[in-house]
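First the structure, in the form of structure tokens, and then the observations on it.
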Amino acid sequence: MSPVRRLGLAIVAIVFLADQALKLWLLFGVRLAETGPFAVTPFMDIVLAWNRGISYGLFQQDGMIGRWFLVVVSFMAAIWLWRWMWRAEGRLTVVSLALIIGGALGNGVDRAVYGAVVDFVHLYYGSFSWYIFNIADAAIVVGVLGLLYESFRPNAEKMA
């Protein structure tokens, strides 16, 4: 196995495990549902939000069909992206795809186990409030930004 593929596997595992471990700790260690939100910094709180939809709360699903459809979509996307990652040569492509895969798997497990994605990071400044998200969401966004950046670079795939 090439070093870039090992890197991809490691990133998938790190993102997935960190995402799931932090969610488990907040749900069952801190007992966030019972104890309520708490401030971490003057611009960030830890809150509990159950996202039954996709990014930014779009396409909220209350029924079992919608829930399991999103579970299947998450895992099918992860499989498709995994195949792409396995064939990719460029380090940035592999890292970006690994971030997205780890995030998709983390959120997919949430949907399968809880029926919704566990979101908990709330950023704000004054009256400005950002969406509530989790590690998996952040990894997916960074991965997508990496792929977009690479798509605009000339000869991007030739650089490893």
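FYI, nothing fancy with the structure tokens labels: chains A, B, ... in order, residues from 1 per chain, ligands from 1 as they appear.
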
For A:Ala49, list every protein, DNA or RNA residue within 7 Å, evaluated using only C-alpha atoms, and leave out those in the same chain fewer than 3 positions away; present the list as a compact mmCIF listing (two decimals) with N, CA and C atoms, in the first residue's frame.
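Written file, part15.txt:
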```
# COMPACT_ATOMS: atom_id res chain seq x y z
N VAL A 118 -25.85 14.17 15.65
CA VAL A 118 -25.58 14.92 16.88
C VAL A 118 -24.70 16.11 16.53
N ASP A 119 -25.26 17.31 16.61
CA ASP A 119 -24.50 18.55 16.40
C ASP A 119 -24.34 19.24 17.75
N PHE A 120 -23.21 19.95 17.93
CA PHE A 120 -22.98 20.51 19.26
C PHE A 120 -22.15 21.79 19.30
```

Write out as a list in words the residues lying within 10 Å of A:Ala112, counting only C-alpha atoms and excluding same-chain residues fewer than 6 positions away.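 Selected residues are Arg67, Trp68, Leu70, Val71 and Val72 of chain A.
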
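Considering only C-alpha atoms, the residue among A:Met64, A:Leu99, A:Leu26, A:Ile14 positioned nearest to A:Ala116 is A:Met64.
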
Please report the interatomic distance between atom CA of A:Ser151 and atom CA of A:Leu7 in Å with one decimal. 20.6 Å

Within 7 Å of A:Val12, counting only C-alpha atoms, which residues qualify if same-chain residues fewer than 3 places away don't, as a list in words?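 Those residues are Gly8, Leu9, Val15, Phe16, Ala98, Leu99, Ile101 and Gly102 of chain A.
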
Taking 4 positions as the minimum chain separation for residues in the same chain, which residues sit within 12 Å of A:Gly126 when counting only C-alpha atoms? Answer as a PyMOL selection string. chain A and resi 42-44+130

Selection export as a PDB file, in the first residue's frame, atoms kept: C-alpha atoms:
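result_12.pdb written:
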```pdb
ATOM      1  CA  PRO A  42     -16.938  34.135  24.441  1.00  0.00           C
ATOM      2  CA  PHE A  43     -17.860  33.105  20.875  1.00  0.00           C
ATOM      3  CA  MET A  44     -18.446  29.344  21.172  1.00  0.00           C
ATOM      4  CA  TRP A 130     -23.559  30.338  12.856  1.00  0.00           C
TER       5      TRP A 130
END
```

Alpha helix (DSSP H) positions in chain A, given as number ranges by chain: A: 3-24, 32-35, 64-87, 91-114, 135-151

DSSP strand (DSSP E or B) selection over chain A, as a ChimeraX atom specification: /A:38-41,44-51,117-125,128-133

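The spacing separating atom CA of A:Trp50 from atom CA of A:Phe69 amounts to 17.0 Å.
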
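One finds atom CA of A:Ser96 at 13.8 Å from atom CA of A:Arg6.
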
What lies within 12 Å of A:Ala39 using only C-alpha atoms, ignoring chain neighbours under 5 positions off, as a list in words?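 My list of contacting residues is Met44, Asp45, Ile46, Val47, Phe120, Val121, His122, Leu123 and Tyr124 of chain A.
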
Just the residues within 8 Å of A:Asp19, please, counting only C-alpha atoms, with nothing from its chain fewer than 6 positions along; format it as a VMD selection string. chain A and resid 103 106 134 to 136

Written file, previous selection with N, CA and C atoms, as an mmCIF file, in the first residue's frame:
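Output file selection14.cif follows:
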```cif
data_model
loop_
_atom_site.group_PDB
_atom_site.id
_atom_site.type_symbol
_atom_site.label_atom_id
_atom_site.label_comp_id
_atom_site.auth_asym_id
_atom_site.auth_seq_id
_atom_site.Cartn_x
_atom_site.Cartn_y
_atom_site.Cartn_z
ATOM 1 N N GLY A 103 -16.111 12.053 7.795
ATOM 2 C CA GLY A 103 -17.279 12.817 8.228
ATOM 3 C C GLY A 103 -18.586 12.150 7.827
ATOM 4 N N GLY A 106 -19.156 9.208 10.117
ATOM 5 C CA GLY A 106 -19.561 9.655 11.455
ATOM 6 C C GLY A 106 -21.011 10.086 11.503
ATOM 7 N N ASN A 134 -20.697 19.710 13.973
ATOM 8 C CA ASN A 134 -19.875 18.768 14.711
ATOM 9 C C ASN A 134 -18.546 18.560 13.981
ATOM 10 N N ILE A 135 -17.706 17.686 14.499
ATOM 11 C CA ILE A 135 -16.404 17.422 13.883
ATOM 12 C C ILE A 135 -16.573 16.863 12.471
ATOM 13 N N ALA A 136 -17.529 15.951 12.298
ATOM 14 C CA ALA A 136 -17.757 15.360 10.978
ATOM 15 C C ALA A 136 -18.117 16.443 9.961
#
```

Using only C-alpha atoms, pick whichever of A:Leu145, A:Ala88, A:Ala21, A:Leu48 has the shortest atom-to-atom distance to A:Ala33.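 Among the listed residues, A:Leu48 lies closest to A:Ala33.
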